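Participant: Take this structure, written in structure tokens, and hold onto it; I'll ask about it next.
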Amino acid sequence: MSLGTEFADLYLPYLHILELTRVTFDDPNTLYLFLHCNKSIKDLEINDKHPLDLLVEGDLPHLQCLCCQGSSWKDICLVRPPLHALDVELYERIRDRDGVLEVFQAVSGTLQTLDIFWLCWTSSRDCEDAIRRVLPGVSIRSTTRLGVPSAVVWR
């Protein structure tokens with residue numbers, strides 16, 4: 001389904017849950033504009049990649065749960081919402097240039113649970129250890145492409 005720029009003009013002050021699955025936008029900034037104006041969202045699920053790098057700290061001040069396929073989760077986390085639960089996809093190797101650890105650091109103060117789906121056949125113990133160092137005290141569940149939990153589940 002493709003949504004036009006009218007979607008960006010919608011103001012829904014009591015919107016708490018938003019799930020976007022197989023949605024495209026005529027203008028790549030439409031979702032950003034919608035999220036920027038609808039600050040009441042607490043639970044967000046995005047199943048497609050959308051550019052959200054224009055979000056700034058203070059956008060999404062009530063967001064507590066984020067489930068995101070693609071890389072949009074990084075832009076959302078960098079605006080420091082008070083996330084409690086995060087569900088993301090990661091590749092086998094985390095490189096410093098990807099900024100992934102910095103992103104986790106941005107939400108480390110409020111995050112309670114992290115679910116990682118590895119976009120590879122096995123998870124990397126080194127990557128999991130690096131994430132754990134950035135997120136001490138966070139319950140982390142890791143699942144591989146095979147659909148089985150990795151050898152490590154942290155609490």
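Here, A, B, ... name the chains of the structure tokens in the order displayed, residue numbers run from 1 inside each chain, and ligands are numbered from 1 in the same displayed order.
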Neighbours of Val88 (chain A) within 12 Å (only C-alpha atoms; same-chain residues fewer than 3 positions away dropped), as a ChimeraX atom specification?
Facilitator: /A:45-48,65-74,76-77,85,91,100,103-104,113-119,140-143
Participant: Excluding same-chain residues fewer than 5 positions from Phe7 (chain A), what lies within 9 Å of it counting only C-alpha atoms, as a PyMOL selection string?
Facilitator: chain A and resi 25+30-31+33-34
Participant: Write a file of the just-selected residues containing N, CA and C atoms, as a PDB file, in the first residue's frame.
Facilitator:
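The resulting file, out.pdb, is reproduced below:
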ATOM      1  N   PHE A  25       5.643   5.148   0.918  1.00  0.00           N
ATOM      2  CA  PHE A  25       5.180   6.532   0.910  1.00  0.00           C
ATOM      3  C   PHE A  25       5.630   7.192  -0.383  1.00  0.00           C
ATOM      4  N   THR A  30       7.489  11.515   4.478  1.00  0.00           N
ATOM      5  CA  THR A  30       6.127  11.454   5.008  1.00  0.00           C
ATOM      6  C   THR A  30       6.081  10.825   6.390  1.00  0.00           C
ATOM      7  N   LEU A  31       6.716   9.685   6.571  1.00  0.00           N
ATOM      8  CA  LEU A  31       6.666   9.031   7.882  1.00  0.00           C
ATOM      9  C   LEU A  31       7.349   9.884   8.936  1.00  0.00           C
ATOM     10  N   LEU A  33       7.551  13.131   9.058  1.00  0.00           N
ATOM     11  CA  LEU A  33       6.652  14.240   9.393  1.00  0.00           C
ATOM     12  C   LEU A  33       5.494  13.766  10.262  1.00  0.00           C
ATOM     13  N   PHE A  34       4.970  12.582   9.959  1.00  0.00           N
ATOM     14  CA  PHE A  34       3.879  12.030  10.757  1.00  0.00           C
ATOM     15  C   PHE A  34       4.339  11.766  12.195  1.00  0.00           C
TER      16      PHE A  34
END
Participant: Find the spatial neighbours of Leu111 (chain A), counting only C-alpha atoms, within a cut-off of 9 Å - ignore same-chain residues fewer than 5 positions away - and output them as a ChimeraX atom specification.
Facilitator: /A:64,82-86,104,135,138-139
Participant: So the first atom is CA of Ser40 (chain A) and the second is CA of Leu3 (chain A); what is the distance between them in Å, to one decimal place?
Facilitator: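 So the answer is 21.0 Å.
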Participant: Quick one: residues within 12 Å of Val134 (chain A), only C-alpha atoms, excluding same-chain residues fewer than 2 positions away - as a list of chain:residue names?
Facilitator: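 Residues near the query, excluding close chain neighbours: A:Val100, A:Leu101, A:Glu102, A:Val103, A:Phe104, A:Gln105, A:Ala106, A:Val107, A:Ser108, A:Gly109, A:Leu111, A:Cys127, A:Glu128, A:Asp129, A:Ala130, A:Ile131, A:Arg132, A:Pro136, A:Gly137, A:Val138, A:Ile140.
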Participant: Those residues you just picked out, can you put them in a file as a tab-separated table (two decimals), in the first residue's frame with N, CA and C atoms?
Facilitator:
chain	number	residue	atom	x	y	z
A	100	VAL	N	26.17	0.88	15.71
A	100	VAL	CA	25.16	0.11	16.43
A	100	VAL	C	25.32	0.24	17.95
A	101	LEU	N	26.54	0.16	18.43
A	101	LEU	CA	26.74	0.25	19.88
A	101	LEU	C	26.38	1.64	20.40
A	102	GLU	N	26.66	2.66	19.62
A	102	GLU	CA	26.26	4.02	19.99
A	102	GLU	C	24.73	4.13	20.08
A	103	VAL	N	24.06	3.47	19.17
A	103	VAL	CA	22.60	3.48	19.16
A	103	VAL	C	22.07	2.81	20.43
A	104	PHE	N	22.62	1.66	20.77
A	104	PHE	CA	22.19	0.99	22.00
A	104	PHE	C	22.48	1.86	23.22
A	105	GLN	N	23.60	2.53	23.21
A	105	GLN	CA	23.96	3.42	24.31
A	105	GLN	C	22.91	4.52	24.49
A	106	ALA	N	22.35	5.00	23.40
A	106	ALA	CA	21.36	6.09	23.46
A	106	ALA	C	20.11	5.70	24.23
A	107	VAL	N	19.77	4.41	24.25
A	107	VAL	CA	18.55	3.97	24.96
A	107	VAL	C	18.87	3.13	26.20
A	108	SER	N	20.13	3.06	26.56
A	108	SER	CA	20.54	2.17	27.65
A	108	SER	C	19.95	2.58	29.01
A	109	GLY	N	19.60	3.82	29.18
A	109	GLY	CA	19.08	4.28	30.47
A	109	GLY	C	17.68	3.78	30.79
A	111	LEU	N	16.05	1.07	28.63
A	111	LEU	CA	15.76	-0.22	28.01
A	111	LEU	C	15.78	-1.35	29.03
A	127	CYS	N	29.88	-10.15	19.10
A	127	CYS	CA	28.89	-9.09	18.96
A	127	CYS	C	27.95	-9.07	20.16
A	128	GLU	N	27.52	-10.23	20.58
A	128	GLU	CA	26.63	-10.31	21.73
A	128	GLU	C	27.32	-9.78	22.98
A	129	ASP	N	28.59	-10.10	23.15
A	129	ASP	CA	29.34	-9.60	24.31
A	129	ASP	C	29.46	-8.08	24.27
A	130	ALA	N	29.70	-7.52	23.09
A	130	ALA	CA	29.82	-6.07	22.95
A	130	ALA	C	28.50	-5.38	23.30
A	131	ILE	N	27.41	-5.95	22.84
A	131	ILE	CA	26.09	-5.39	23.16
A	131	ILE	C	25.83	-5.48	24.65
A	132	ARG	N	26.18	-6.59	25.25
A	132	ARG	CA	25.96	-6.79	26.68
A	132	ARG	C	26.74	-5.76	27.51
A	136	PRO	N	24.21	-3.32	30.27
A	136	PRO	CA	24.21	-4.18	31.46
A	136	PRO	C	22.84	-4.13	32.14
A	137	GLY	N	22.38	-5.27	32.60
A	137	GLY	CA	21.10	-5.32	33.29
A	137	GLY	C	19.90	-5.45	32.38
A	138	VAL	N	20.11	-5.41	31.07
A	138	VAL	CA	19.01	-5.55	30.11
A	138	VAL	C	18.86	-7.02	29.75
A	140	ILE	N	18.39	-9.75	27.32
A	140	ILE	CA	18.65	-9.82	25.88
A	140	ILE	C	18.37	-11.23	25.39
Participant: Can you tell me how far CA of Leu44 (chain A) sits from CA of Arg133 (chain A), in Å to one decimal?
Facilitator: 26.1 Å
Participant: DSSP on the backbone, then: every residue of chain A marked alpha helix (DSSP H), written as a VMD selection string.
Facilitator: chain A and resid 6 to 9 30 to 37 72 to 77 100 to 106 125 to 134
Participant: Would you save the residues from that selection as a PDB file, in the first residue's frame, using C-alpha atoms?
Facilitator:
ATOM      1  CA  GLU A   6      -1.702  13.592   3.271  1.00  0.00           C
ATOM      2  CA  PHE A   7      -0.599  10.979   5.795  1.00  0.00           C
ATOM      3  CA  ALA A   8       2.002  13.432   7.118  1.00  0.00           C
ATOM      4  CA  ASP A   9      -0.758  15.951   7.829  1.00  0.00           C
ATOM      5  CA  THR A  30       6.127  11.454   5.008  1.00  0.00           C
ATOM      6  CA  LEU A  31       6.666   9.031   7.882  1.00  0.00           C
ATOM      7  CA  TYR A  32       9.159  11.359   9.540  1.00  0.00           C
ATOM      8  CA  LEU A  33       6.652  14.240   9.393  1.00  0.00           C
ATOM      9  CA  PHE A  34       3.879  12.030  10.757  1.00  0.00           C
ATOM     10  CA  LEU A  35       5.998  10.808  13.696  1.00  0.00           C
ATOM     11  CA  HIS A  36       7.282  14.307  14.407  1.00  0.00           C
ATOM     12  CA  CYS A  37       3.710  15.590  14.803  1.00  0.00           C
ATOM     13  CA  SER A  72      15.024   2.570  10.759  1.00  0.00           C
ATOM     14  CA  TRP A  73      15.352   1.508  14.408  1.00  0.00           C
ATOM     15  CA  LYS A  74      18.761   3.179  14.593  1.00  0.00           C
ATOM     16  CA  ASP A  75      17.374   6.609  13.704  1.00  0.00           C
ATOM     17  CA  ILE A  76      14.533   6.185  16.191  1.00  0.00           C
ATOM     18  CA  CYS A  77      16.804   5.129  19.061  1.00  0.00           C
ATOM     19  CA  VAL A 100      25.160   0.106  16.432  1.00  0.00           C
ATOM     20  CA  LEU A 101      26.745   0.247  19.877  1.00  0.00           C
ATOM     21  CA  GLU A 102      26.257   4.025  19.993  1.00  0.00           C
ATOM     22  CA  VAL A 103      22.596   3.479  19.160  1.00  0.00           C
ATOM     23  CA  PHE A 104      22.186   0.991  21.999  1.00  0.00           C
ATOM     24  CA  GLN A 105      23.959   3.418  24.313  1.00  0.00           C
ATOM     25  CA  ALA A 106      21.355   6.086  23.458  1.00  0.00           C
ATOM     26  CA  ARG A 125      29.446 -14.290  20.485  1.00  0.00           C
ATOM     27  CA  ASP A 126      31.774 -11.276  20.109  1.00  0.00           C
ATOM     28  CA  CYS A 127      28.888  -9.089  18.960  1.00  0.00           C
ATOM     29  CA  GLU A 128      26.628 -10.309  21.734  1.00  0.00           C
ATOM     30  CA  ASP A 129      29.338  -9.603  24.311  1.00  0.00           C
ATOM     31  CA  ALA A 130      29.823  -6.069  22.951  1.00  0.00           C
ATOM     32  CA  ILE A 131      26.087  -5.392  23.157  1.00  0.00           C
ATOM     33  CA  ARG A 132      25.964  -6.793  26.680  1.00  0.00           C
ATOM     34  CA  ARG A 133      28.727  -4.416  27.804  1.00  0.00           C
ATOM     35  CA  VAL A 134      26.713  -1.447  26.529  1.00  0.00           C
TER      36      VAL A 134
END
Participant: For a test of reading the model, state the distance in Å between CA of Gly58 (chain A) and CA of Lys39 (chain A), rounded to one decimal.
Facilitator: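 One can read the CA of Gly58 (chain A) to CA of Lys39 (chain A) distance as 8.9 Å.
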Participant: Which is closer to Leu20 (chain A) than all the others in A:Met1, A:Leu55, A:Leu60, A:Leu90, using only C-alpha atoms?
Facilitator: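 Of A:Met1, A:Leu55, A:Leu60, A:Leu90, the one nearest Leu20 (chain A), counting only C-alpha atoms, is A:Met1.
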Participant: Extract the full set of strand (DSSP E or B) residues from region 12-154 of chain A according to DSSP on the backbone, and format it as a PyMOL selection string.
Facilitator: chain A and resi 17-20+24-25+43-46+57+59+65-68+85-90+113-118+139-143+149-154
